[in-house]
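Undergrad: If it helps, the file is called structure.cif and holds mmCIF, C-alpha atoms and all ligand atoms:
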data_run
#
loop_
_atom_site.group_PDB
_atom_site.id
_atom_site.type_symbol
_atom_site.label_atom_id
_atom_site.label_comp_id
_atom_site.auth_asym_id
_atom_site.auth_seq_id
_atom_site.Cartn_x
_atom_site.Cartn_y
_atom_site.Cartn_z
ATOM 1 C CA MET A 18 88.289 84.693 93.705
ATOM 2 C CA ARG A 19 84.630 83.734 94.127
ATOM 3 C CA ALA A 20 82.016 86.095 95.587
ATOM 4 C CA LEU A 21 80.050 84.329 98.303
ATOM 5 C CA LEU A 22 77.778 86.887 99.896
ATOM 6 C CA LEU A 23 77.115 90.589 99.976
ATOM 7 C CA TYR A 24 75.618 92.972 102.505
ATOM 8 C CA ARG A 25 74.621 96.504 101.578
ATOM 9 C CA LEU A 26 74.800 98.952 104.473
ATOM 10 C CA ASP A 27 72.577 101.947 104.990
ATOM 11 C CA LEU A 28 75.007 104.617 106.191
ATOM 12 C CA THR A 29 72.592 107.525 106.459
ATOM 13 C CA ALA A 30 72.959 109.413 109.713
ATOM 14 C CA GLY A 31 71.511 107.633 112.723
ATOM 15 C CA ALA A 32 71.213 104.244 111.020
ATOM 16 C CA ASP A 33 72.961 101.798 113.298
ATOM 17 C CA GLY A 34 71.106 98.551 113.982
ATOM 18 C CA GLU A 35 70.755 95.300 112.072
ATOM 19 C CA GLU A 36 67.774 96.686 110.139
ATOM 20 C CA HIS A 37 70.313 98.788 108.226
ATOM 21 C CA ILE A 38 72.135 95.745 106.893
ATOM 22 C CA ARG A 39 70.596 94.184 103.768
ATOM 23 C CA ALA A 40 71.764 90.854 102.392
ATOM 24 C CA VAL A 41 71.740 90.834 98.597
ATOM 25 C CA ASP A 42 72.802 88.428 95.870
ATOM 26 C CA PRO A 43 76.576 89.018 95.420
ATOM 27 C CA ARG A 44 75.985 89.426 91.669
ATOM 28 C CA GLU A 45 73.343 92.117 92.198
ATOM 29 C CA PRO A 46 74.507 95.629 91.188
ATOM 30 C CA ILE A 47 74.476 97.783 94.317
ATOM 31 C CA ILE A 48 76.633 100.686 93.153
ATOM 32 C CA ARG A 49 75.422 103.417 90.836
ATOM 33 C CA ALA A 50 77.497 104.485 87.826
ATOM 34 C CA THR A 51 77.623 107.929 89.457
ATOM 35 C CA ASP A 52 79.067 106.710 92.773
ATOM 36 C CA LEU A 53 82.361 108.473 93.517
ATOM 37 C CA GLY A 54 83.873 105.165 94.554
ATOM 38 C CA VAL A 55 83.354 103.948 90.979
ATOM 39 C CA THR A 56 84.090 107.141 89.058
ATOM 40 C CA ARG A 57 87.075 108.354 91.102
ATOM 41 C CA GLY A 58 88.154 105.547 93.428
ATOM 42 C CA ASP A 59 87.104 107.914 96.204
ATOM 43 C CA GLY A 60 86.592 105.595 99.149
ATOM 44 C CA VAL A 61 88.335 103.287 101.602
ATOM 45 C CA PHE A 62 88.366 99.550 102.187
ATOM 46 C CA GLU A 63 89.748 96.695 104.276
ATOM 47 C CA THR A 64 90.087 92.944 103.803
ATOM 48 C CA ALA A 65 90.156 90.566 106.765
ATOM 49 C CA VAL A 66 90.810 86.846 106.462
ATOM 50 C CA VAL A 67 88.350 84.440 108.098
ATOM 51 C CA ARG A 68 89.425 81.568 110.308
ATOM 52 C CA ARG A 69 87.278 79.477 112.640
ATOM 53 C CA GLY A 70 84.214 81.480 111.672
ATOM 54 C CA ALA A 71 85.601 84.898 112.632
ATOM 55 C CA PRO A 72 87.422 87.775 110.888
ATOM 56 C CA GLN A 73 91.021 87.895 112.094
ATOM 57 C CA ALA A 74 92.483 91.133 113.484
ATOM 58 C CA LEU A 75 89.096 92.803 113.089
ATOM 59 C CA GLU A 76 89.793 95.589 115.599
ATOM 60 C CA ALA A 77 93.072 96.454 113.843
ATOM 61 C CA HIS A 78 91.244 96.517 110.492
ATOM 62 C CA LEU A 79 88.530 98.756 111.959
ATOM 63 C CA ASP A 80 91.232 101.069 113.350
ATOM 64 C CA ARG A 81 92.855 101.366 109.933
ATOM 65 C CA PHE A 82 89.464 101.793 108.217
ATOM 66 C CA ALA A 83 88.802 104.780 110.491
ATOM 67 C CA ARG A 84 92.315 106.134 109.896
ATOM 68 C CA SER A 85 91.926 105.877 106.104
ATOM 69 C CA ALA A 86 88.490 107.540 106.269
ATOM 70 C CA ALA A 87 89.999 110.397 108.298
ATOM 71 C CA LEU A 88 92.833 110.833 105.766
ATOM 72 C CA LEU A 89 90.244 111.063 102.960
ATOM 73 C CA GLU A 90 88.048 113.362 105.102
ATOM 74 C CA LEU A 91 85.164 110.911 104.875
ATOM 75 C CA PRO A 92 82.633 110.598 107.720
ATOM 76 C CA ALA A 93 83.988 108.454 110.578
ATOM 77 C CA PRO A 94 82.742 104.861 110.037
ATOM 78 C CA ARG A 95 80.284 103.727 112.715
ATOM 79 C CA ARG A 96 82.453 101.045 114.237
ATOM 80 C CA GLU A 97 79.737 98.913 115.793
ATOM 81 C CA LEU A 98 77.734 98.688 112.558
ATOM 82 C CA TRP A 99 80.815 97.621 110.569
ATOM 83 C CA ARG A 100 81.965 95.223 113.280
ATOM 84 C CA THR A 101 78.563 93.526 113.436
ATOM 85 C CA THR A 102 78.285 93.204 109.664
ATOM 86 C CA VAL A 103 81.822 91.909 109.090
ATOM 87 C CA ARG A 104 81.381 89.337 111.850
ATOM 88 C CA ALA A 105 78.035 88.236 110.392
ATOM 89 C CA ALA A 106 79.653 87.834 106.950
ATOM 90 C CA ALA A 107 82.546 85.815 108.403
ATOM 91 C CA GLU A 108 80.162 83.561 110.237
ATOM 92 C CA ALA A 109 78.008 83.018 107.130
ATOM 93 C CA VAL A 110 80.931 82.150 104.809
ATOM 94 C CA SER A 111 82.167 79.625 107.385
ATOM 95 C CA ARG A 112 79.017 77.514 107.334
ATOM 96 C CA PRO A 113 79.518 73.955 106.125
ATOM 97 C CA GLY A 114 79.435 73.561 102.347
ATOM 98 C CA VAL A 115 80.176 77.202 101.457
ATOM 99 C CA LEU A 116 83.903 76.845 100.733
ATOM 100 C CA ARG A 117 85.371 74.400 98.216
ATOM 101 C CA ALA A 118 88.535 72.400 98.813
ATOM 102 C CA GLY A 119 91.649 74.591 98.651
ATOM 103 C CA GLU A 120 89.752 77.829 99.350
ATOM 104 C CA LEU A 121 90.086 80.284 102.191
ATOM 105 C CA ALA A 122 87.406 82.878 102.963
ATOM 106 C CA SER A 123 87.948 86.592 103.476
ATOM 107 C CA VAL A 124 85.679 89.566 104.043
ATOM 108 C CA LYS A 125 86.215 92.839 102.210
ATOM 109 C CA PHE A 126 84.412 95.946 103.425
ATOM 110 C CA ALA A 127 84.296 99.305 101.704
ATOM 111 C CA MET A 128 82.889 102.780 102.103
ATOM 112 C CA THR A 129 82.799 105.387 99.323
ATOM 113 C CA ARG A 130 81.988 109.084 99.345
ATOM 114 C CA GLY A 131 78.630 108.203 97.780
ATOM 115 C CA ASP A 132 76.718 109.464 94.801
ATOM 116 C CA GLU A 133 78.117 112.444 92.893
ATOM 117 C CA ILE A 134 74.806 113.651 91.477
ATOM 118 C CA GLU A 135 72.406 112.916 94.330
ATOM 119 C CA PRO A 136 74.588 113.020 97.460
ATOM 120 C CA ALA A 137 72.966 110.998 100.243
ATOM 121 C CA GLY A 138 75.932 110.056 102.403
ATOM 122 C CA PRO A 139 78.540 107.334 101.962
ATOM 123 C CA THR A 140 77.923 104.016 100.227
ATOM 124 C CA GLY A 141 78.935 100.913 102.153
ATOM 125 C CA TRP A 142 79.092 97.201 101.526
ATOM 126 C CA VAL A 143 80.608 94.033 102.957
ATOM 127 C CA LEU A 144 81.593 91.207 100.607
ATOM 128 C CA GLY A 145 82.447 87.653 101.661
ATOM 129 C CA PHE A 146 84.638 85.898 99.119
ATOM 130 C CA ALA A 147 86.711 82.777 98.630
ATOM 131 C CA GLY A 148 90.358 82.984 97.574
ATOM 132 C CA ALA A 149 93.108 80.430 97.122
ATOM 133 C CA ASP A 150 94.468 78.898 100.305
ATOM 134 C CA PRO A 151 97.983 80.405 100.704
ATOM 135 C CA GLU A 152 99.568 77.162 101.945
ATOM 136 C CA ARG A 153 101.693 76.658 98.823
ATOM 137 C CA VAL A 154 102.987 80.214 98.398
ATOM 138 C CA ARG A 155 103.903 80.263 102.093
ATOM 139 C CA ARG A 156 106.038 77.180 101.499
ATOM 140 C CA ASP A 157 107.519 77.926 98.057
ATOM 141 C CA GLY A 158 107.786 81.693 98.412
ATOM 142 C CA THR A 159 107.304 84.399 95.818
ATOM 143 C CA THR A 160 109.488 86.461 93.485
ATOM 144 C CA ALA A 161 109.583 90.253 93.559
ATOM 145 C CA VAL A 162 111.091 93.218 91.786
ATOM 146 C CA VAL A 163 111.949 96.569 93.318
ATOM 147 C CA LEU A 164 110.010 99.455 91.741
ATOM 148 C CA ASP A 165 110.225 103.178 92.415
ATOM 149 C CA ARG A 166 106.961 104.691 93.703
ATOM 150 C CA GLY A 167 108.310 108.112 92.784
ATOM 151 C CA TYR A 168 107.406 109.999 95.945
ATOM 152 C CA ARG A 169 109.970 111.035 98.547
ATOM 153 C CA HIS A 170 109.973 109.250 101.925
ATOM 154 C CA ASP A 171 108.430 112.327 103.616
ATOM 155 C CA VAL A 172 105.486 112.584 101.197
ATOM 156 C CA MET A 173 102.923 112.133 103.974
ATOM 157 C CA GLN A 174 104.162 115.287 105.654
ATOM 158 C CA THR A 175 104.938 117.369 102.570
ATOM 159 C CA ALA A 176 101.962 116.368 100.370
ATOM 160 C CA PRO A 177 99.224 114.728 102.478
ATOM 161 C CA TRP A 178 96.723 115.152 99.616
ATOM 162 C CA LEU A 179 98.511 112.319 97.809
ATOM 163 C CA LEU A 180 96.941 110.068 100.470
ATOM 164 C CA GLN A 181 99.965 107.820 100.867
ATOM 165 C CA GLY A 182 99.294 105.622 103.889
ATOM 166 C CA ALA A 183 95.521 105.534 103.339
ATOM 167 C CA LYS A 184 93.920 102.298 102.161
ATOM 168 C CA SER A 185 91.835 103.989 99.496
ATOM 169 C CA LEU A 186 89.940 102.263 96.704
ATOM 170 C CA ALA A 187 92.297 103.854 94.160
ATOM 171 C CA TYR A 188 94.508 100.814 93.536
ATOM 172 C CA ALA A 189 95.073 101.277 89.783
ATOM 173 C CA VAL A 190 98.717 102.268 90.422
ATOM 174 C CA ASN A 191 99.284 99.194 92.597
ATOM 175 C CA GLU A 192 97.783 96.974 89.904
ATOM 176 C CA ALA A 193 99.952 98.623 87.226
ATOM 177 C CA ALA A 194 103.047 97.895 89.331
ATOM 178 C CA LEU A 195 102.039 94.239 89.587
ATOM 179 C CA ARG A 196 101.671 94.078 85.790
ATOM 180 C CA GLU A 197 105.163 95.577 85.468
ATOM 181 C CA ALA A 198 106.455 92.865 87.817
ATOM 182 C CA ARG A 199 104.908 90.196 85.601
ATOM 183 C CA ARG A 200 106.463 91.773 82.510
ATOM 184 C CA ARG A 201 109.804 91.367 84.297
ATOM 185 C CA GLY A 202 109.027 87.740 85.094
ATOM 186 C CA ALA A 203 108.208 88.204 88.791
ATOM 187 C CA ASP A 204 105.062 87.816 90.904
ATOM 188 C CA ASP A 205 105.241 90.805 93.185
ATOM 189 C CA VAL A 206 106.735 94.204 93.932
ATOM 190 C CA ILE A 207 108.606 96.000 96.691
ATOM 191 C CA PHE A 208 108.171 99.748 96.296
ATOM 192 C CA THR A 209 110.920 102.181 97.204
ATOM 193 C CA SER A 210 110.556 105.928 97.678
ATOM 194 C CA GLY A 211 112.032 108.281 95.086
ATOM 195 C CA ASP A 212 114.917 108.858 97.503
ATOM 196 C CA GLY A 213 115.653 105.174 98.044
ATOM 197 C CA PHE A 214 113.772 104.057 101.171
ATOM 198 C CA VAL A 215 112.029 100.679 101.188
ATOM 199 C CA LEU A 216 108.250 101.118 101.424
ATOM 200 C CA GLU A 217 105.803 98.205 100.980
ATOM 201 C CA GLY A 218 104.307 95.880 98.394
ATOM 202 C CA PRO A 219 101.225 96.862 96.358
ATOM 203 C CA ARG A 220 99.201 94.549 98.605
ATOM 204 C CA SER A 221 101.588 93.749 101.451
ATOM 205 C CA THR A 222 103.966 94.911 104.179
ATOM 206 C CA VAL A 223 107.701 94.186 103.975
ATOM 207 C CA ILE A 224 109.602 92.476 106.782
ATOM 208 C CA ALA A 225 113.372 91.935 106.494
ATOM 209 C CA LEU A 226 115.566 89.754 108.702
ATOM 210 C CA LEU A 227 118.749 91.759 109.265
ATOM 211 C CA ASP A 228 121.452 90.583 111.666
ATOM 212 C CA GLY A 229 118.882 88.581 113.647
ATOM 213 C CA THR A 230 116.347 91.435 113.892
ATOM 214 C CA LEU A 231 112.991 91.587 112.105
ATOM 215 C CA VAL A 232 112.666 95.053 110.581
ATOM 216 C CA THR A 233 109.689 96.738 108.904
ATOM 217 C CA PRO A 234 109.445 100.274 107.459
ATOM 218 C CA PRO A 235 107.582 102.875 109.557
ATOM 219 C CA PRO A 236 104.073 104.105 108.574
ATOM 220 C CA GLU A 237 105.445 107.683 108.543
ATOM 221 C CA LEU A 238 106.974 106.855 105.138
ATOM 222 C CA GLY A 239 103.461 106.677 103.677
ATOM 223 C CA VAL A 240 102.976 102.921 103.967
ATOM 224 C CA LEU A 241 99.956 101.192 105.471
ATOM 225 C CA PRO A 242 100.364 100.071 109.065
ATOM 226 C CA GLY A 243 100.060 96.322 108.337
ATOM 227 C CA THR A 244 97.763 94.351 110.590
ATOM 228 C CA THR A 245 99.566 91.120 109.652
ATOM 229 C CA GLN A 246 103.040 92.534 110.292
ATOM 230 C CA GLY A 247 101.775 93.964 113.601
ATOM 231 C CA ASP A 248 100.575 90.540 114.723
ATOM 232 C CA VAL A 249 103.790 88.838 113.578
ATOM 233 C CA PHE A 250 105.862 91.227 115.683
ATOM 234 C CA ALA A 251 103.529 90.883 118.687
ATOM 235 C CA GLY A 252 103.495 87.094 118.407
ATOM 236 C CA LEU A 253 107.255 86.527 118.117
ATOM 237 C CA ALA A 254 108.114 88.150 121.406
ATOM 238 C CA ASP A 255 111.377 86.205 121.798
ATOM 239 C CA LEU A 256 112.813 87.890 118.674
ATOM 240 C CA THR A 257 114.045 91.456 118.382
ATOM 241 C CA THR A 258 111.704 93.473 116.187
ATOM 242 C CA LEU A 259 112.184 96.978 114.904
ATOM 243 C CA THR A 260 110.202 99.543 112.959
ATOM 244 C CA ALA A 261 112.899 101.446 111.100
ATOM 245 C CA THR A 262 113.877 102.675 107.667
ATOM 246 C CA LEU A 263 115.446 100.182 105.272
ATOM 247 C CA SER A 264 117.547 100.956 102.221
ATOM 248 C CA ARG A 265 117.788 99.096 98.960
ATOM 249 C CA ASP A 266 121.155 97.729 100.192
ATOM 250 C CA ASP A 267 119.422 96.359 103.294
ATOM 251 C CA LEU A 268 117.074 94.382 101.032
ATOM 252 C CA GLU A 269 120.050 92.919 99.198
ATOM 253 C CA ARG A 270 121.930 91.916 102.335
ATOM 254 C CA ALA A 271 118.846 90.652 104.247
ATOM 255 C CA ASP A 272 119.003 87.066 105.530
ATOM 256 C CA ALA A 273 115.315 86.681 104.630
ATOM 257 C CA LEU A 274 112.444 88.801 103.338
ATOM 258 C CA TRP A 275 108.683 88.444 103.692
ATOM 259 C CA LEU A 276 105.634 90.085 102.165
ATOM 260 C CA CYS A 277 102.836 90.052 104.731
ATOM 261 C CA SER A 278 99.120 90.497 104.139
ATOM 262 C CA SER A 279 95.838 89.426 105.665
ATOM 263 C CA THR A 280 94.788 86.981 102.969
ATOM 264 C CA ARG A 281 98.169 85.236 102.576
ATOM 265 C CA GLY A 282 99.911 85.712 105.925
ATOM 266 C CA ALA A 283 103.722 85.799 105.842
ATOM 267 C CA VAL A 284 105.006 84.893 102.364
ATOM 268 C CA PRO A 285 108.770 84.502 101.987
ATOM 269 C CA VAL A 286 110.509 86.189 99.045
ATOM 270 C CA ARG A 287 112.722 83.649 97.256
ATOM 271 C CA ALA A 288 114.115 85.998 94.601
ATOM 272 C CA LEU A 289 114.493 89.767 94.336
ATOM 273 C CA ASP A 290 115.208 91.304 90.939
ATOM 274 C CA GLY A 291 116.291 87.841 89.798
ATOM 275 C CA ALA A 292 118.801 87.259 92.652
ATOM 276 C CA ALA A 293 118.073 84.380 95.038
ATOM 277 C CA VAL A 294 116.988 85.254 98.583
ATOM 278 C CA PRO A 295 117.191 82.494 101.218
ATOM 279 C CA ILE A 296 113.844 81.244 102.538
ATOM 280 C CA HIS A 297 113.790 80.914 106.324
ATOM 281 C CA HIS A 298 111.344 78.019 106.535
ATOM 282 C CA GLU A 299 111.344 77.737 110.306
ATOM 283 C CA LEU A 300 110.672 81.415 110.938
ATOM 284 C CA THR A 301 108.058 81.506 108.168
ATOM 285 C CA ALA A 302 106.255 78.580 109.776
ATOM 286 C CA ARG A 303 106.380 80.280 113.188
ATOM 287 C CA MET A 304 105.027 83.536 111.764
ATOM 288 C CA ASN A 305 102.128 81.790 110.068
ATOM 289 C CA ALA A 306 101.371 79.656 113.122
ATOM 290 C CA VAL A 307 101.052 82.867 115.149
ATOM 291 C CA LEU A 308 98.844 84.426 112.470
ATOM 292 C CA ASP A 309 96.559 81.448 111.960
ATOM 293 C CA ALA A 310 95.993 81.099 115.714
ATOM 294 C CA ARG A 311 94.768 84.678 116.203
ATOM 295 C CA GLU A 312 91.403 84.917 117.884
ATOM 296 C CA ASP A 313 90.670 88.676 117.628
HETATM 297 N N1 LIG A 401 100.213 97.577 102.160
HETATM 298 C C1 LIG A 401 99.286 97.635 101.174
HETATM 299 C C2 LIG A 401 99.428 98.667 100.100
HETATM 300 C C3 LIG A 401 98.195 96.752 101.180
HETATM 301 O O1 LIG A 401 97.271 96.821 100.222
HETATM 302 C C4 LIG A 401 98.105 95.781 102.213
HETATM 303 C C5 LIG A 401 96.986 94.829 102.274
HETATM 304 O O2 LIG A 401 96.186 94.692 101.423
HETATM 305 C C6 LIG A 401 99.093 95.730 103.182
HETATM 306 C C7 LIG A 401 100.133 96.657 103.136
HETATM 307 C C8 LIG A 401 99.055 94.694 104.276
HETATM 308 O O3 LIG A 401 98.043 94.969 105.201
HETATM 309 P P1 LIG A 401 97.378 93.843 106.073
HETATM 310 O O4 LIG A 401 98.454 93.034 106.677
HETATM 311 O O5 LIG A 401 96.622 94.601 107.109
HETATM 312 O O6 LIG A 401 96.491 93.048 105.186
#
Can you present the structure in this file as structure tokens?
TA:
Amino acid sequence: MRALLLYRLDLTAGADGEEHIRAVDPREPIIRATDLGVTRGDGVFETAVVRRGAPQALEAHLDRFARSAALLELPAPRRELWRTTVRAAAEAVSRPGVLRAGELASVKFAMTRGDEIEPAGPTGWVLGFAGADPERVRRDGTTAVVLDRGYRHDVMQTAPWLLQGAKSLAYAVNEAALREARRRGADDVIFTSGDGFVLEGPRSTVIALLDGTLVTPPPELGVLPGTTQGDVFAGLADLTTLTATLSRDDLERADALWLCSSTRGAVPVRALDGAAVPIHHELTARMNAVLDARED
């Protein structure tokens, strides 16, 4: 990953126009050591991929940003300010000469609860960065292990303070799970609930092909509503799609599995806990064609 540009947002009440967006060197420190986003991971974020000069699925990302902020009881993000800044970042990283061969640009935007010692409202920034083009992983697939997230499937209802289903900045657990996957010789993870329901990946949404139907777990289980999965389902209107609970057995009998995320699109799983999973090349290609063509 290579940082390309950075905008610092002034989120004090009433600040709304372009004068509240400041472009800074992406290596410049813009967060204080006392910011709650740094000290406690107390904030929310989104990452949108950039194609043809625009952030894809921006409205869906802004919806989820607002939903995460509400779950953390943060001030509601001012949608127009974030929309304008993310679009400006996407446009800037798409100028000729910014990206190197084999790179794909994305825009990450984040809002924290702000400074712990001198509270002055939330801290916000928008970062344009270059990542690896996902072409190869879309073709070759990835390997995953199933790991227990430890919470029951109804955790959102019984313990909402655990913030399952919010895209908060506190990703240390997700990163630890990915390290565990690597220790087991795999690239990625599919989390299950403590009582055996399939959830999501640490950075992705699960889709399973079961008896000809594409199935994804419901957000009520404490998983993020995936913007990528949402667009896959909307774009493949000729297929039956279903948002429904999946068991561990369903994963094992699935005809194909995908991990979907904004930066990589639909990535097929080629092995789960060491057992081969068939890659559905044709459906994978259709999913990614739908995703790459999005104009929103
Ligand atoms: N679930 C988690 C935990 C994620 O971190 C992500 C993306 O980063 C997703 C699902 C997929 O979301 P999206 O398709 O909107 O990128």
Undergrad: Run through the PyMOL selection byres (((not hetatm)) within 10 of (chain A and resi 401)) on the given coordinates and return the selected residues as a PyMOL selection string.
TA: chain A and resi 62-66+74-75+77-78+81+181-186+188+191+208+216-223+236+239-249+276-283
Undergrad: Grab the atom CA of A:Tyr168 to atom CA of A:Phe126 distance for me, in Å with one decimal place.
TA: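 Pair atom CA of A:Tyr168 / atom CA of A:Phe126 returns 28.0 Å.
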Undergrad: Nearest to A:Glu45 among A:Val206, A:Leu144, A:Val110, A:Glu133, with distances taken over only C-alpha atoms: which residue is it?
TA: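 When distances to A:Glu45 are compared using only C-alpha atoms, the smallest one comes from A:Leu144.
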Undergrad: Report the distance between atom CA of A:Leu195 and atom CA of A:Val67 in Å, rounded to one decimal place.
TA: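 About the pair atom CA of A:Leu195 and atom CA of A:Val67: they are 25.0 Å apart.
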Undergrad: Taking every listed atom of stretch 186-196 of chain A and adding 4 Å to each side, what centre and edge lengths in Å (one decimal) does the axis-aligned box have, as lines of an AutoDock Vina configuration file?
TA:
center_x = 96.5
center_y = 99.0
center_z = 91.2
size_x = 21.1
size_y = 17.8
size_z = 18.9
Undergrad: With distances taken over all atoms listed in the file, which of A:Leu259, A:Ala176, A:Ala254, A:Ala288 is nearest to A:Val307?
TA: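 Closest candidate: A:Ala254.
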